[in-house]
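J.: One structure, pasted below without further comment.
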Amino acid sequence: MRLFPIALVATTLILGQTPHLEPALAGTCTARFSCGAQPIRFIPGRRVTVEVVNQTSSLVLLERVQGTSAIPLRPGQDVQFERWGGTEPNVSVVFWDQTALPLKANVAQPNLKTLRIVLRPGGRPPGDRSVYILNDGRVKVY
């Protein structure tokens, strides 16, 4: 019993003398692969190229909510447009299958300035209908 207080004091003195000792922070994952995908995020105010790819077997209609009419996107076709930075509000892309089938939107960020939206058949009705790049740079699928 008498050795415990001595060991406690010795440990305190040793750790107190160690320079640059910083506490470790525990995370919820143990390796890079078990952490899950990082959320897609862009730097607010910077230009972003949006690529949309139709991987369905039917015609998909695509519309940038701000200032465009619907663009028909044939099966296998893709389209690109650029979002200008600055004060432009949330950028949104709305899409729907011409035959009213539900769509699944898979989003990816192949580089720092590109958002790729791949439209595939599936999902629960009504499926995914839009993708937003919010003012803070986050990407949301609705």
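To be explicit about the labels: the chains of the structure tokens are called A, B, and onward in the order shown, and within each one the residues are counted from 1, while ligands get numbers from 1 in the order they are shown.
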Mind checking which residues fall within 10 Å of Lys140 in chain A, counting only C-alpha atoms, ignoring those fewer than 4 positions away in the same chain, and posting them as a VMD selection string?

T.: chain A and resid 39 to 41 92 107 130 to 134

J.: Show which residues sit within 6 Å of range 93-102 of chain A, as a PyMOL selection string. Count only C-alpha atoms, and ignore same-chain residues fewer than 3 positions away.

T.: chain A and resi 59-64+122+125-127+129-131

J.: Please produce a file of those selected residues containing C-alpha atoms, as an mmCIF file, in the first residue's frame.

T.:
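Just written: out.cif:
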data_model
loop_
_atom_site.group_PDB
_atom_site.id
_atom_site.type_symbol
_atom_site.label_atom_id
_atom_site.label_comp_id
_atom_site.auth_asym_id
_atom_site.auth_seq_id
_atom_site.Cartn_x
_atom_site.Cartn_y
_atom_site.Cartn_z
ATOM 1 C CA LEU A 59 -34.724 9.955 -71.090
ATOM 2 C CA VAL A 60 -34.006 12.091 -68.030
ATOM 3 C CA LEU A 61 -34.879 15.776 -67.892
ATOM 4 C CA LEU A 62 -32.466 18.050 -66.091
ATOM 5 C CA GLU A 63 -32.948 21.630 -64.980
ATOM 6 C CA ARG A 64 -30.806 24.122 -63.173
ATOM 7 C CA GLY A 122 -33.725 2.778 -58.489
ATOM 8 C CA PRO A 125 -40.496 6.193 -55.093
ATOM 9 C CA PRO A 126 -40.340 9.068 -55.746
ATOM 10 C CA GLY A 127 -36.525 8.613 -55.675
ATOM 11 C CA ARG A 129 -35.129 14.571 -57.322
ATOM 12 C CA SER A 130 -32.459 17.222 -56.782
ATOM 13 C CA VAL A 131 -28.891 18.006 -55.738
#

J.: So what do you get for CA of Arg116 in chain A versus CA of Asp136 in chain A, distance-wise?

T.: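 That distance, rounded to one decimal, is 18.3 Å.
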
J.: What's around Leu112 in chain A at 9 Å? Count only C-alpha atoms, leave out sequence neighbours fewer than 3 positions away in its own chain, and write the answer as a count of residues only.

T.: 6

J.: Would you mind listing what lies within 6 Å of Pro75 in chain A as an MDAnalysis selection string, with only C-alpha atoms counted and same-chain residues fewer than 4 positions away left out?

T.: chainID A and resid 54:58

J.: Which residue out of A:Lys113, A:Arg124, A:Lys104, A:Arg138 has the minimum interatomic distance to Val53 in chain A when only C-alpha atoms are used?

T.: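 Nearest to Val53 in chain A: A:Lys104.
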